[in-house]
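Novice: Input: one structure, supplied below.
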Amino acid sequence: MKTKGSQFWAIGALLIALLSLTFFTGCNSNKDSDGDGVPDQKDKCKEVKGPKPGGCPLPAKIGQVNLYLETSASMGGYFAGSAEFKQIVSDLAVKIDKEISPVKIHFITDSIRDYPYEATRFSSDIATTKIALSNSSELHHIFNDIAKATKDGDISIFVSDCILSFPNAAVKANAEINRQAASGTLKNNIYATFIDLKGRKQAASLYAFSSAFFGKYYDYQNDKVPLKGTVRPFYVWVIAKNNILPVFDAKLAKIPNFKPEQEIHFGLLDQKINNYHILTQLGMKGDYKLIKAGKVSDAGIENVEVEKNQSIEFSAAVDLSSLPPYAKKLSYLREHLIVETSGCSAIVDLSERLPSVTLKSKNQIAYYERATHVIKVNITQLRLDQATLNLRVPLTYDSWYQAWSTMNDKGVKKLGKKTFAFEHLVNGVMEAYHNEGKNLVDLKFQINQ
């Protein structure tokens with residue numbers, strides 16, 4: 001038989017337990033793992049700081065877009081006749097202005113002249129008004145002027161035929177100087193300009209187009225060759241801070257009529273992709289526990305129990321949104337993915353994230369929704385107690401620019417899509433950013449028994 005005293009203590013213990021539970025629940029509901037002021041219960045990005053209400057970092061904000069159009073004498077044929085150049089450039093200006101960020105237009109040679117009207121009027125003017133052409137300026141000076149005018153958050157777009165050349169006086173003094181010095185002085189001038197860009201944390205994207213050309217073409221000796229509709233290449237450069245350029249390039253790629261024939265990107269590899277999250281509720285096979293590498297990534301799996309003739313499977317979500325557009329394509333990733341193992345054998349499959357899958361954990365749902373791709377790993381053999389799996393996608397520049405280059409443009413009418421000394425221009429930029437041996441993606445998985 002229970003006494004009144006024992007009943008009193010029982011009731012007291014129950015009240016203490018309830019209070020403890022309430023206190024624990026209250027503390028847990030106010031937990032803020034990343035210290036951004038957003039409780040974990042409402043934070044969609046618990047592992048990184050971000051503003052209210054969702055707690056996720058905001059993408060870099062795109063500021064003013066400045067479009068610089070080279071108007072040297074060598075560009076005249078793009079503005080005449082039925083050259084597609086006019087449509088491509090005017091469409092680019094209007095679409096960016098309306099769909100991405102406001103655009104200011106400038107003409108540039110040895111100085112910068114502002115176009116006083118809006119982008120919509122530019123579409124009419126470029127088609128109906130003769131653009132005033134000026135004396136040419138050395139390309140590295142133009143790049144330098146544009147870079148100096150590019151403020152933090154701004155985007156600079158430069159449209160040019162990108163022909164490397166010495167000033168006219170130097171060519172008159174030595175008719176072969178452009179060929180003789182293209183791989184030396186001219187390339188090094190470009191290198192010096194872009195090494196300064198790199199120092200300012202600015203990156204660059206290069207897009208190649210082509211258009212009919214109606215006018216005087218100036219070859220490497222500055223001899224004039226009349227062209228009547230010969231197809232000539234031209235190029236669009238985009239320069240911005242390295243954290244803003246990928247955001248802008250991604251928006252640019254979504255414009256329906258923006259269809260460059262080739263592209264290449266420089267200076268976007270300050271931070272490679274090395275974070276991932278293993279989704280235990282997606283494609284899991286076998287017994288194991290996660291190894292955490294902090295708040296922003298996992299490090300692999302441990303306590304792995306492998307039955308004879310059975311494999312271990314897991315899926316990892318990875319966000320590749322910061323890569324250049326070409327490098328996010330599944331075909332590129334699969335072609336260049338390098339799988340390295342030590343102490344185990346593995347089959348790896350990379351795929352784009354499906355719009356939705358069935359996941360129960362809020363954390364796993366958040367990891368999946370922020371990812372762009374999913375990596376499925378099948379460990380077919382585990383030979384060591386501590387094994388490793390490394391997945392790398394090295395930076396591999398496409399060599400298309402070499403095919404678009406020539407060192408003799410005397411026969412320009414039959415030359416096709418080739419630009420004088422273009423290879424040396426691009427090599428100068430590449431040397432400035434010096435990305436040899438760097439990886440776009442570098443994921444390391446520890447597999448421990």
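By order of appearance in the structure tokens: chains A, B, ..., then residues from 1 within every chain, and ligands from 1 in the order shown.
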What residues in range 308-350 of chain A get the DSSP label alpha helix (DSSP H)? Please answer as a list of chain:residue names.
Specialist: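 For range 308-350 of chain A, the alpha helix (DSSP H) set is A:Pro325, A:Tyr326, A:Ala327, A:Lys328, A:Leu330, A:Ser331, A:Tyr332, A:Leu333, A:Arg334, A:Glu335, A:His336.
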Novice: Restricting the output to N, CA and C atoms, write the selected residues as a compact mmCIF listing (two decimals), in the first residue's frame.
Specialist:
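The resulting again26.txt:
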```txt
# COMPACT_ATOMS: atom_id res chain seq x y z
N PRO A 325 29.19 27.23 -67.05
CA PRO A 325 28.10 26.47 -67.67
C PRO A 325 28.55 25.20 -68.39
N TYR A 326 29.66 25.27 -69.15
CA TYR A 326 30.10 24.09 -69.90
C TYR A 326 30.50 22.96 -68.98
N ALA A 327 31.05 23.30 -67.79
CA ALA A 327 31.55 22.28 -66.88
C ALA A 327 30.45 21.63 -66.06
N LYS A 328 29.25 22.21 -66.06
CA LYS A 328 28.13 21.61 -65.34
C LYS A 328 27.37 20.60 -66.19
N LEU A 330 26.37 17.34 -67.99
CA LEU A 330 26.60 15.96 -67.61
C LEU A 330 27.60 15.27 -68.53
N SER A 331 27.54 15.59 -69.81
CA SER A 331 28.46 14.97 -70.77
C SER A 331 29.91 15.33 -70.45
N TYR A 332 30.15 16.60 -70.08
CA TYR A 332 31.51 17.04 -69.74
C TYR A 332 31.98 16.35 -68.46
N LEU A 333 31.12 16.32 -67.45
CA LEU A 333 31.49 15.73 -66.17
C LEU A 333 31.81 14.25 -66.31
N ARG A 334 30.98 13.53 -67.05
CA ARG A 334 31.21 12.10 -67.21
C ARG A 334 32.47 11.83 -68.03
N GLU A 335 32.74 12.66 -69.01
CA GLU A 335 33.92 12.46 -69.85
C GLU A 335 35.21 12.69 -69.08
N HIS A 336 35.20 13.67 -68.16
CA HIS A 336 36.43 14.06 -67.49
C HIS A 336 36.56 13.56 -66.05
```
Novice: List every residue of range 244-331 of chain A that DSSP, applied to the backbone of this structure, assigns to strand (DSSP E), and report them as a PyMOL selection string.
Specialist: chain A and resi 262-266+277-279+287-292+298-305+312-318
Novice: Dump N, CA, C and O atoms for the selected residues as a CSV table (one decimal), in the first residue's frame?
Specialist:
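What follows is the written file out35.csv:
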```
chain,number,residue,atom,x,y,z
A,262,GLN,N,31.4,28.8,-79.6
A,262,GLN,CA,32.4,28.3,-78.7
A,262,GLN,C,32.4,29.1,-77.4
A,262,GLN,O,32.0,30.3,-77.5
A,263,GLU,N,33.0,28.6,-76.4
A,263,GLU,CA,33.2,29.4,-75.2
A,263,GLU,C,34.4,28.9,-74.3
A,263,GLU,O,34.7,27.7,-74.4
A,264,ILE,N,34.9,29.7,-73.5
A,264,ILE,CA,36.0,29.3,-72.6
A,264,ILE,C,36.0,30.3,-71.4
A,264,ILE,O,35.6,31.5,-71.6
A,265,HIS,N,36.4,29.8,-70.2
A,265,HIS,CA,36.3,30.6,-69.0
A,265,HIS,C,37.6,30.6,-68.2
A,265,HIS,O,38.3,29.6,-68.2
A,266,PHE,N,37.9,31.8,-67.6
A,266,PHE,CA,39.2,32.0,-66.9
A,266,PHE,C,39.0,32.6,-65.5
A,266,PHE,O,38.1,33.4,-65.4
A,277,HIS,N,27.2,15.8,-49.4
A,277,HIS,CA,26.4,15.2,-48.3
A,277,HIS,C,25.9,13.8,-48.7
A,277,HIS,O,25.3,13.7,-49.8
A,278,ILE,N,26.2,12.8,-47.9
A,278,ILE,CA,25.7,11.5,-48.2
A,278,ILE,C,24.3,11.4,-47.8
A,278,ILE,O,23.9,11.8,-46.7
A,279,LEU,N,23.4,10.9,-48.7
A,279,LEU,CA,22.0,10.8,-48.4
A,279,LEU,C,21.7,9.3,-48.0
A,279,LEU,O,21.6,8.4,-48.9
A,287,ASP,N,25.3,-1.8,-44.2
A,287,ASP,CA,25.3,-1.2,-42.9
A,287,ASP,C,26.6,-0.3,-42.8
A,287,ASP,O,27.7,-0.7,-42.9
A,288,TYR,N,26.4,1.0,-42.4
A,288,TYR,CA,27.5,1.9,-42.2
A,288,TYR,C,27.0,3.1,-41.5
A,288,TYR,O,25.8,3.4,-41.4
A,289,LYS,N,27.9,3.9,-41.0
A,289,LYS,CA,27.6,5.2,-40.4
A,289,LYS,C,28.4,6.3,-41.1
A,289,LYS,O,29.4,6.1,-41.7
A,290,LEU,N,27.8,7.5,-41.0
A,290,LEU,CA,28.5,8.7,-41.7
A,290,LEU,C,29.7,9.2,-40.9
A,290,LEU,O,29.7,9.2,-39.7
A,291,ILE,N,30.7,9.7,-41.7
A,291,ILE,CA,31.8,10.4,-41.1
A,291,ILE,C,31.6,11.9,-41.4
A,291,ILE,O,31.5,12.2,-42.6
A,292,LYS,N,31.4,12.7,-40.4
A,292,LYS,CA,31.2,14.1,-40.7
A,292,LYS,C,32.5,14.9,-40.8
A,292,LYS,O,33.5,14.6,-40.1
A,298,ASP,N,30.2,16.0,-45.6
A,298,ASP,CA,30.6,14.7,-45.0
A,298,ASP,C,32.0,14.3,-45.4
A,298,ASP,O,32.6,15.0,-46.3
A,299,ALA,N,32.5,13.3,-44.8
A,299,ALA,CA,33.9,12.8,-45.1
A,299,ALA,C,33.9,11.4,-45.6
A,299,ALA,O,35.0,10.9,-46.0
A,300,GLY,N,32.8,10.7,-45.5
A,300,GLY,CA,32.7,9.3,-46.0
A,300,GLY,C,31.9,8.4,-45.1
A,300,GLY,O,30.9,8.9,-44.4
A,301,ILE,N,32.2,7.1,-45.0
A,301,ILE,CA,31.4,6.2,-44.2
A,301,ILE,C,32.3,5.4,-43.3
A,301,ILE,O,33.5,5.1,-43.7
A,302,GLU,N,31.8,4.9,-42.2
A,302,GLU,CA,32.6,4.1,-41.3
A,302,GLU,C,31.7,3.0,-40.7
A,302,GLU,O,30.5,2.9,-40.9
A,303,ASN,N,32.4,2.1,-39.9
A,303,ASN,CA,31.7,1.0,-39.3
A,303,ASN,C,31.0,0.2,-40.4
A,303,ASN,O,29.8,-0.3,-40.2
A,304,VAL,N,31.7,0.0,-41.5
A,304,VAL,CA,31.1,-0.7,-42.6
A,304,VAL,C,31.1,-2.2,-42.4
A,304,VAL,O,32.2,-2.8,-42.1
A,305,GLU,N,30.0,-2.8,-42.6
A,305,GLU,CA,29.9,-4.2,-42.4
A,305,GLU,C,29.5,-4.8,-43.8
A,305,GLU,O,28.5,-4.5,-44.4
A,312,ILE,N,28.5,-2.4,-51.0
A,312,ILE,CA,28.0,-1.3,-50.3
A,312,ILE,C,27.6,-0.2,-51.2
A,312,ILE,O,28.4,0.2,-52.1
A,313,GLU,N,26.4,0.4,-51.1
A,313,GLU,CA,26.0,1.5,-52.0
A,313,GLU,C,25.6,2.7,-51.1
A,313,GLU,O,25.0,2.6,-50.1
A,314,PHE,N,25.9,3.9,-51.7
A,314,PHE,CA,25.4,5.1,-51.1
A,314,PHE,C,25.4,6.2,-52.2
A,314,PHE,O,26.0,6.1,-53.2
A,315,SER,N,24.6,7.2,-51.9
A,315,SER,CA,24.5,8.4,-52.8
A,315,SER,C,24.9,9.6,-52.1
A,315,SER,O,24.6,9.8,-50.9
A,316,ALA,N,25.6,10.5,-52.9
A,316,ALA,CA,26.0,11.8,-52.3
A,316,ALA,C,25.5,12.9,-53.2
A,316,ALA,O,25.5,12.9,-54.4
A,317,ALA,N,25.0,13.9,-52.5
A,317,ALA,CA,24.5,15.1,-53.2
A,317,ALA,C,25.6,16.2,-53.3
A,317,ALA,O,26.2,16.4,-52.2
A,318,VAL,N,25.8,16.8,-54.4
A,318,VAL,CA,26.8,17.8,-54.6
A,318,VAL,C,26.3,18.9,-55.4
A,318,VAL,O,25.5,18.8,-56.3
```
Novice: Please, which residues in range 212-289 of chain A fall within 7 Å of range 420-443 of chain A when counting only C-alpha atoms, and what is the closest atom pair and distance in Å to one decimal for each, ordered by chain then residue number, as a tab-separated table?
Specialist:
```
residue	atom	partner	partner_atom	distance
A:Phe266	CA	A:Tyr433	CA	6.7
A:Gly267	CA	A:Tyr433	CA	5.8
A:Leu269	CA	A:Leu440	CA	6.8
A:Lys272	CA	A:Leu440	CA	5.3
A:Ile273	CA	A:Val441	CA	4.6
A:Asn274	CA	A:Leu443	CA	4.9
A:Asn275	CA	A:Leu443	CA	6.8
```
Novice: For Leu197 in chain A, work out the shell of residues within 12 Å, counting only C-alpha atoms and skipping chain neighbours fewer than 2 positions away, then give it as a PyMOL selection string.
Specialist: chain A and resi 140+143-150+190-195+199-204+239-242+266-267+429+432-433
Novice: For Gln381 in chain A, which of A:Glu307, A:Asp319, A:Glu70, A:Asp125 is the closest residue, counting only C-alpha atoms?
Specialist: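 Closest to Gln381 in chain A, using only C-alpha atoms: A:Glu307.
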Novice: Please provide the set of residues having any atom within 12 Å of Val339 in chain A, restricted to only C-alpha atoms, with same-chain residues fewer than 4 positions apart removed, written as a PDB file with all heavy atoms, in the first residue's frame.
Specialist:
```pdb
ATOM      1  N   LEU A 333      31.121  16.323 -67.452  1.00  0.00           N
ATOM      2  CA  LEU A 333      31.492  15.730 -66.169  1.00  0.00           C
ATOM      3  C   LEU A 333      31.810  14.250 -66.315  1.00  0.00           C
ATOM      4  O   LEU A 333      32.803  13.757 -65.763  1.00  0.00           O
ATOM      5  CB  LEU A 333      30.364  15.939 -65.160  1.00  0.00           C
ATOM      6  CG  LEU A 333      30.115  17.387 -64.727  1.00  0.00           C
ATOM      7  CD1 LEU A 333      28.787  17.499 -63.988  1.00  0.00           C
ATOM      8  CD2 LEU A 333      31.250  17.893 -63.861  1.00  0.00           C
ATOM      9  N   ARG A 334      30.977  13.534 -67.046  1.00  0.00           N
ATOM     10  CA  ARG A 334      31.214  12.100 -67.211  1.00  0.00           C
ATOM     11  C   ARG A 334      32.473  11.825 -68.025  1.00  0.00           C
ATOM     12  O   ARG A 334      33.210  10.874 -67.750  1.00  0.00           O
ATOM     13  CB  ARG A 334      29.992  11.449 -67.869  1.00  0.00           C
ATOM     14  CG  ARG A 334      28.812  11.289 -66.913  1.00  0.00           C
ATOM     15  CD  ARG A 334      27.600  10.694 -67.607  1.00  0.00           C
ATOM     16  NE  ARG A 334      26.551  10.344 -66.647  1.00  0.00           N
ATOM     17  CZ  ARG A 334      25.330   9.933 -66.988  1.00  0.00           C
ATOM     18  NH1 ARG A 334      25.007   9.852 -68.286  1.00  0.00           N
ATOM     19  NH2 ARG A 334      24.453   9.626 -66.062  1.00  0.00           N
ATOM     20  N   GLU A 335      32.738  12.661 -69.010  1.00  0.00           N
ATOM     21  CA  GLU A 335      33.920  12.456 -69.847  1.00  0.00           C
ATOM     22  C   GLU A 335      35.210  12.689 -69.077  1.00  0.00           C
ATOM     23  O   GLU A 335      36.205  11.982 -69.278  1.00  0.00           O
ATOM     24  CB  GLU A 335      33.864  13.398 -71.049  1.00  0.00           C
ATOM     25  CG  GLU A 335      35.066  13.269 -71.974  1.00  0.00           C
ATOM     26  CD  GLU A 335      35.027  14.258 -73.133  1.00  0.00           C
ATOM     27  OE1 GLU A 335      33.993  14.932 -73.310  1.00  0.00           O
ATOM     28  OE2 GLU A 335      36.037  14.353 -73.861  1.00  0.00           O
ATOM     29  N   CYS A 344      40.101  -0.351 -52.050  1.00  0.00           N
ATOM     30  CA  CYS A 344      38.741  -0.754 -52.394  1.00  0.00           C
ATOM     31  C   CYS A 344      38.557  -0.683 -53.902  1.00  0.00           C
ATOM     32  O   CYS A 344      39.395  -0.131 -54.619  1.00  0.00           O
ATOM     33  CB  CYS A 344      37.697   0.129 -51.694  1.00  0.00           C
ATOM     34  SG  CYS A 344      37.704   1.838 -52.264  1.00  0.00           S
ATOM     35  N   SER A 345      37.474  -1.253 -54.366  1.00  0.00           N
ATOM     36  CA  SER A 345      37.064  -1.131 -55.769  1.00  0.00           C
ATOM     37  C   SER A 345      35.676  -0.504 -55.791  1.00  0.00           C
ATOM     38  O   SER A 345      34.837  -0.816 -54.933  1.00  0.00           O
ATOM     39  CB  SER A 345      37.034  -2.512 -56.452  1.00  0.00           C
ATOM     40  OG  SER A 345      38.325  -3.085 -56.453  1.00  0.00           O
ATOM     41  N   ALA A 346      35.450   0.383 -56.762  1.00  0.00           N
ATOM     42  CA  ALA A 346      34.186   1.120 -56.766  1.00  0.00           C
ATOM     43  C   ALA A 346      33.698   1.375 -58.185  1.00  0.00           C
ATOM     44  O   ALA A 346      34.489   1.535 -59.116  1.00  0.00           O
ATOM     45  CB  ALA A 346      34.352   2.444 -56.024  1.00  0.00           C
ATOM     46  N   ILE A 347      32.372   1.403 -58.309  1.00  0.00           N
ATOM     47  CA  ILE A 347      31.710   1.826 -59.545  1.00  0.00           C
ATOM     48  C   ILE A 347      30.978   3.118 -59.226  1.00  0.00           C
ATOM     49  O   ILE A 347      30.212   3.190 -58.254  1.00  0.00           O
ATOM     50  CB  ILE A 347      30.728   0.750 -60.049  1.00  0.00           C
ATOM     51  CG1 ILE A 347      31.470  -0.553 -60.356  1.00  0.00           C
ATOM     52  CG2 ILE A 347      29.990   1.253 -61.287  1.00  0.00           C
ATOM     53  CD1 ILE A 347      30.536  -1.706 -60.693  1.00  0.00           C
ATOM     54  N   VAL A 348      31.218   4.155 -60.021  1.00  0.00           N
ATOM     55  CA  VAL A 348      30.662   5.478 -59.738  1.00  0.00           C
ATOM     56  C   VAL A 348      29.797   5.933 -60.909  1.00  0.00           C
ATOM     57  O   VAL A 348      30.204   5.838 -62.075  1.00  0.00           O
ATOM     58  CB  VAL A 348      31.782   6.503 -59.486  1.00  0.00           C
ATOM     59  CG1 VAL A 348      31.194   7.894 -59.279  1.00  0.00           C
ATOM     60  CG2 VAL A 348      32.623   6.094 -58.283  1.00  0.00           C
ATOM     61  N   ASP A 349      28.612   6.431 -60.597  1.00  0.00           N
ATOM     62  CA  ASP A 349      27.719   6.975 -61.621  1.00  0.00           C
ATOM     63  C   ASP A 349      27.301   8.380 -61.215  1.00  0.00           C
ATOM     64  O   ASP A 349      26.867   8.608 -60.079  1.00  0.00           O
ATOM     65  CB  ASP A 349      26.478   6.098 -61.793  1.00  0.00           C
ATOM     66  CG  ASP A 349      25.539   6.653 -62.866  1.00  0.00           C
ATOM     67  OD1 ASP A 349      25.990   6.790 -64.007  1.00  0.00           O
ATOM     68  OD2 ASP A 349      24.381   6.959 -62.536  1.00  0.00           O
ATOM     69  N   LEU A 350      27.445   9.314 -62.132  1.00  0.00           N
ATOM     70  CA  LEU A 350      27.103  10.713 -61.877  1.00  0.00           C
ATOM     71  C   LEU A 350      25.872  11.080 -62.694  1.00  0.00           C
ATOM     72  O   LEU A 350      25.799  10.792 -63.884  1.00  0.00           O
ATOM     73  CB  LEU A 350      28.284  11.604 -62.275  1.00  0.00           C
ATOM     74  CG  LEU A 350      28.145  13.106 -62.069  1.00  0.00           C
ATOM     75  CD1 LEU A 350      27.979  13.449 -60.608  1.00  0.00           C
ATOM     76  CD2 LEU A 350      29.375  13.820 -62.644  1.00  0.00           C
ATOM     77  N   ILE A 375      25.769  11.679 -56.952  1.00  0.00           N
ATOM     78  CA  ILE A 375      26.792  10.670 -57.246  1.00  0.00           C
ATOM     79  C   ILE A 375      26.392   9.363 -56.562  1.00  0.00           C
ATOM     80  O   ILE A 375      26.223   9.323 -55.343  1.00  0.00           O
ATOM     81  CB  ILE A 375      28.174  11.119 -56.737  1.00  0.00           C
ATOM     82  CG1 ILE A 375      28.560  12.455 -57.372  1.00  0.00           C
ATOM     83  CG2 ILE A 375      29.235  10.066 -57.036  1.00  0.00           C
ATOM     84  CD1 ILE A 375      29.756  13.112 -56.718  1.00  0.00           C
ATOM     85  N   VAL A 377      27.550   5.692 -55.576  1.00  0.00           N
ATOM     86  CA  VAL A 377      28.788   4.941 -55.380  1.00  0.00           C
ATOM     87  C   VAL A 377      28.457   3.508 -54.982  1.00  0.00           C
ATOM     88  O   VAL A 377      27.675   3.263 -54.067  1.00  0.00           O
ATOM     89  CB  VAL A 377      29.670   5.593 -54.295  1.00  0.00           C
ATOM     90  CG1 VAL A 377      30.931   4.760 -54.054  1.00  0.00           C
ATOM     91  CG2 VAL A 377      30.039   7.018 -54.688  1.00  0.00           C
ATOM     92  N   THR A 388      40.087   4.545 -49.338  1.00  0.00           N
ATOM     93  CA  THR A 388      39.722   5.886 -49.804  1.00  0.00           C
ATOM     94  C   THR A 388      39.204   5.829 -51.240  1.00  0.00           C
ATOM     95  O   THR A 388      39.621   4.994 -52.041  1.00  0.00           O
ATOM     96  CB  THR A 388      40.919   6.855 -49.762  1.00  0.00           C
ATOM     97  OG1 THR A 388      41.994   6.317 -50.540  1.00  0.00           O
ATOM     98  CG2 THR A 388      41.382   7.088 -48.339  1.00  0.00           C
ATOM     99  N   LEU A 389      38.298   6.743 -51.530  1.00  0.00           N
ATOM    100  CA  LEU A 389      37.767   6.934 -52.878  1.00  0.00           C
ATOM    101  C   LEU A 389      37.857   8.420 -53.199  1.00  0.00           C
ATOM    102  O   LEU A 389      37.301   9.249 -52.474  1.00  0.00           O
ATOM    103  CB  LEU A 389      36.315   6.466 -52.957  1.00  0.00           C
ATOM    104  CG  LEU A 389      35.512   6.872 -54.199  1.00  0.00           C
ATOM    105  CD1 LEU A 389      36.082   6.217 -55.453  1.00  0.00           C
ATOM    106  CD2 LEU A 389      34.037   6.523 -54.030  1.00  0.00           C
ATOM    107  N   ASN A 390      38.588   8.763 -54.245  1.00  0.00           N
ATOM    108  CA  ASN A 390      38.719  10.160 -54.671  1.00  0.00           C
ATOM    109  C   ASN A 390      38.074  10.346 -56.041  1.00  0.00           C
ATOM    110  O   ASN A 390      38.346   9.561 -56.967  1.00  0.00           O
ATOM    111  CB  ASN A 390      40.192  10.582 -54.748  1.00  0.00           C
ATOM    112  CG  ASN A 390      40.855  10.607 -53.382  1.00  0.00           C
ATOM    113  OD1 ASN A 390      40.186  10.691 -52.355  1.00  0.00           O
ATOM    114  ND2 ASN A 390      42.172  10.541 -53.369  1.00  0.00           N
ATOM    115  N   LEU A 391      37.259  11.371 -56.166  1.00  0.00           N
ATOM    116  CA  LEU A 391      36.611  11.699 -57.433  1.00  0.00           C
ATOM    117  C   LEU A 391      37.066  13.096 -57.845  1.00  0.00           C
ATOM    118  O   LEU A 391      36.857  14.078 -57.117  1.00  0.00           O
ATOM    119  CB  LEU A 391      35.085  11.672 -57.295  1.00  0.00           C
ATOM    120  CG  LEU A 391      34.475  10.367 -56.772  1.00  0.00           C
ATOM    121  CD1 LEU A 391      32.957  10.494 -56.704  1.00  0.00           C
ATOM    122  CD2 LEU A 391      34.872   9.190 -57.650  1.00  0.00           C
ATOM    123  N   ARG A 392      37.695  13.192 -59.016  1.00  0.00           N
ATOM    124  CA  ARG A 392      38.222  14.467 -59.488  1.00  0.00           C
ATOM    125  C   ARG A 392      37.722  14.780 -60.898  1.00  0.00           C
ATOM    126  O   ARG A 392      37.593  13.885 -61.727  1.00  0.00           O
ATOM    127  CB  ARG A 392      39.758  14.458 -59.508  1.00  0.00           C
ATOM    128  CG  ARG A 392      40.410  14.329 -58.156  1.00  0.00           C
ATOM    129  CD  ARG A 392      41.915  14.588 -58.251  1.00  0.00           C
ATOM    130  NE  ARG A 392      42.601  13.608 -59.082  1.00  0.00           N
ATOM    131  CZ  ARG A 392      43.166  13.882 -60.251  1.00  0.00           C
ATOM    132  NH1 ARG A 392      43.095  15.111 -60.770  1.00  0.00           N
ATOM    133  NH2 ARG A 392      43.786  12.944 -60.951  1.00  0.00           N
ATOM    134  N   VAL A 393      37.460  16.045 -61.121  1.00  0.00           N
ATOM    135  CA  VAL A 393      37.210  16.546 -62.476  1.00  0.00           C
ATOM    136  C   VAL A 393      38.233  17.652 -62.713  1.00  0.00           C
ATOM    137  O   VAL A 393      38.061  18.780 -62.246  1.00  0.00           O
ATOM    138  CB  VAL A 393      35.782  17.099 -62.644  1.00  0.00           C
ATOM    139  CG1 VAL A 393      35.594  17.643 -64.063  1.00  0.00           C
ATOM    140  CG2 VAL A 393      34.752  16.024 -62.349  1.00  0.00           C
ATOM    141  N   PRO A 394      39.328  17.356 -63.396  1.00  0.00           N
ATOM    142  CA  PRO A 394      40.366  18.369 -63.613  1.00  0.00           C
ATOM    143  C   PRO A 394      39.920  19.436 -64.601  1.00  0.00           C
ATOM    144  O   PRO A 394      39.062  19.190 -65.462  1.00  0.00           O
ATOM    145  CB  PRO A 394      41.541  17.561 -64.168  1.00  0.00           C
ATOM    146  CG  PRO A 394      40.918  16.358 -64.782  1.00  0.00           C
ATOM    147  CD  PRO A 394      39.680  16.055 -63.977  1.00  0.00           C
ATOM    148  N   VAL A 441      36.454  19.841 -59.578  1.00  0.00           N
ATOM    149  CA  VAL A 441      35.814  19.072 -58.517  1.00  0.00           C
ATOM    150  C   VAL A 441      36.860  18.150 -57.894  1.00  0.00           C
ATOM    151  O   VAL A 441      37.646  17.531 -58.606  1.00  0.00           O
ATOM    152  CB  VAL A 441      34.639  18.230 -59.071  1.00  0.00           C
ATOM    153  CG1 VAL A 441      33.989  17.412 -57.959  1.00  0.00           C
ATOM    154  CG2 VAL A 441      33.615  19.124 -59.764  1.00  0.00           C
ATOM    155  N   ASP A 442      36.872  18.076 -56.564  1.00  0.00           N
ATOM    156  CA  ASP A 442      37.824  17.209 -55.860  1.00  0.00           C
ATOM    157  C   ASP A 442      37.152  16.687 -54.594  1.00  0.00           C
ATOM    158  O   ASP A 442      37.168  17.337 -53.546  1.00  0.00           O
ATOM    159  CB  ASP A 442      39.095  17.986 -55.524  1.00  0.00           C
ATOM    160  CG  ASP A 442      40.230  17.078 -55.058  1.00  0.00           C
ATOM    161  OD1 ASP A 442      39.992  15.852 -54.955  1.00  0.00           O
ATOM    162  OD2 ASP A 442      41.336  17.584 -54.795  1.00  0.00           O
ATOM    163  N   LEU A 443      36.526  15.523 -54.696  1.00  0.00           N
ATOM    164  CA  LEU A 443      35.765  14.932 -53.578  1.00  0.00           C
ATOM    165  C   LEU A 443      36.520  13.729 -53.009  1.00  0.00           C
ATOM    166  O   LEU A 443      36.951  12.860 -53.757  1.00  0.00           O
ATOM    167  CB  LEU A 443      34.377  14.491 -54.053  1.00  0.00           C
ATOM    168  CG  LEU A 443      33.520  15.541 -54.758  1.00  0.00           C
ATOM    169  CD1 LEU A 443      32.210  14.939 -55.220  1.00  0.00           C
ATOM    170  CD2 LEU A 443      33.268  16.741 -53.852  1.00  0.00           C
ATOM    171  N   LYS A 444      36.658  13.705 -51.690  1.00  0.00           N
ATOM    172  CA  LYS A 444      37.385  12.615 -51.038  1.00  0.00           C
ATOM    173  C   LYS A 444      36.433  11.875 -50.086  1.00  0.00           C
ATOM    174  O   LYS A 444      35.807  12.496 -49.223  1.00  0.00           O
ATOM    175  CB  LYS A 444      38.581  13.180 -50.255  1.00  0.00           C
ATOM    176  CG  LYS A 444      39.569  13.940 -51.138  1.00  0.00           C
ATOM    177  CD  LYS A 444      40.764  14.432 -50.353  1.00  0.00           C
ATOM    178  CE  LYS A 444      41.679  15.301 -51.196  1.00  0.00           C
ATOM    179  NZ  LYS A 444      42.220  14.579 -52.383  1.00  0.00           N
ATOM    180  N   PHE A 445      36.348  10.571 -50.254  1.00  0.00           N
ATOM    181  CA  PHE A 445      35.496   9.714 -49.418  1.00  0.00           C
ATOM    182  C   PHE A 445      36.390   8.735 -48.648  1.00  0.00           C
ATOM    183  O   PHE A 445      37.191   8.008 -49.251  1.00  0.00           O
ATOM    184  CB  PHE A 445      34.515   8.908 -50.281  1.00  0.00           C
ATOM    185  CG  PHE A 445      33.527   9.746 -51.046  1.00  0.00           C
ATOM    186  CD1 PHE A 445      33.883  10.330 -52.254  1.00  0.00           C
ATOM    187  CD2 PHE A 445      32.241   9.952 -50.558  1.00  0.00           C
ATOM    188  CE1 PHE A 445      32.975  11.084 -52.979  1.00  0.00           C
ATOM    189  CE2 PHE A 445      31.325  10.710 -51.286  1.00  0.00           C
ATOM    190  CZ  PHE A 445      31.691  11.282 -52.481  1.00  0.00           C
TER     191      PHE A 445
END
```
Novice: Which of these, A:His141, A:Ala93, A:Ala371, A:Ala253, has the shortest distance to Ala119 in chain A once you count only C-alpha atoms?
Specialist: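 When distances to Ala119 in chain A are compared using only C-alpha atoms, the smallest one comes from A:Ala93.
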Novice: Output as a tab-separated table one row per residue of range 148-172 of chain A within 9 Å of range 71-90 of chain A: the closest atom pair and its distance in Å to one decimal place, counting only C-alpha atoms, sorted by chain and residue number ascending.
Specialist:
```
residue	atom	partner	partner_atom	distance
A:Val159	CA	A:Val89	CA	8.2
A:Ser160	CA	A:Met75	CA	7.5
A:Asp161	CA	A:Met75	CA	6.8
A:Ile163	CA	A:Ser74	CA	8.9
```
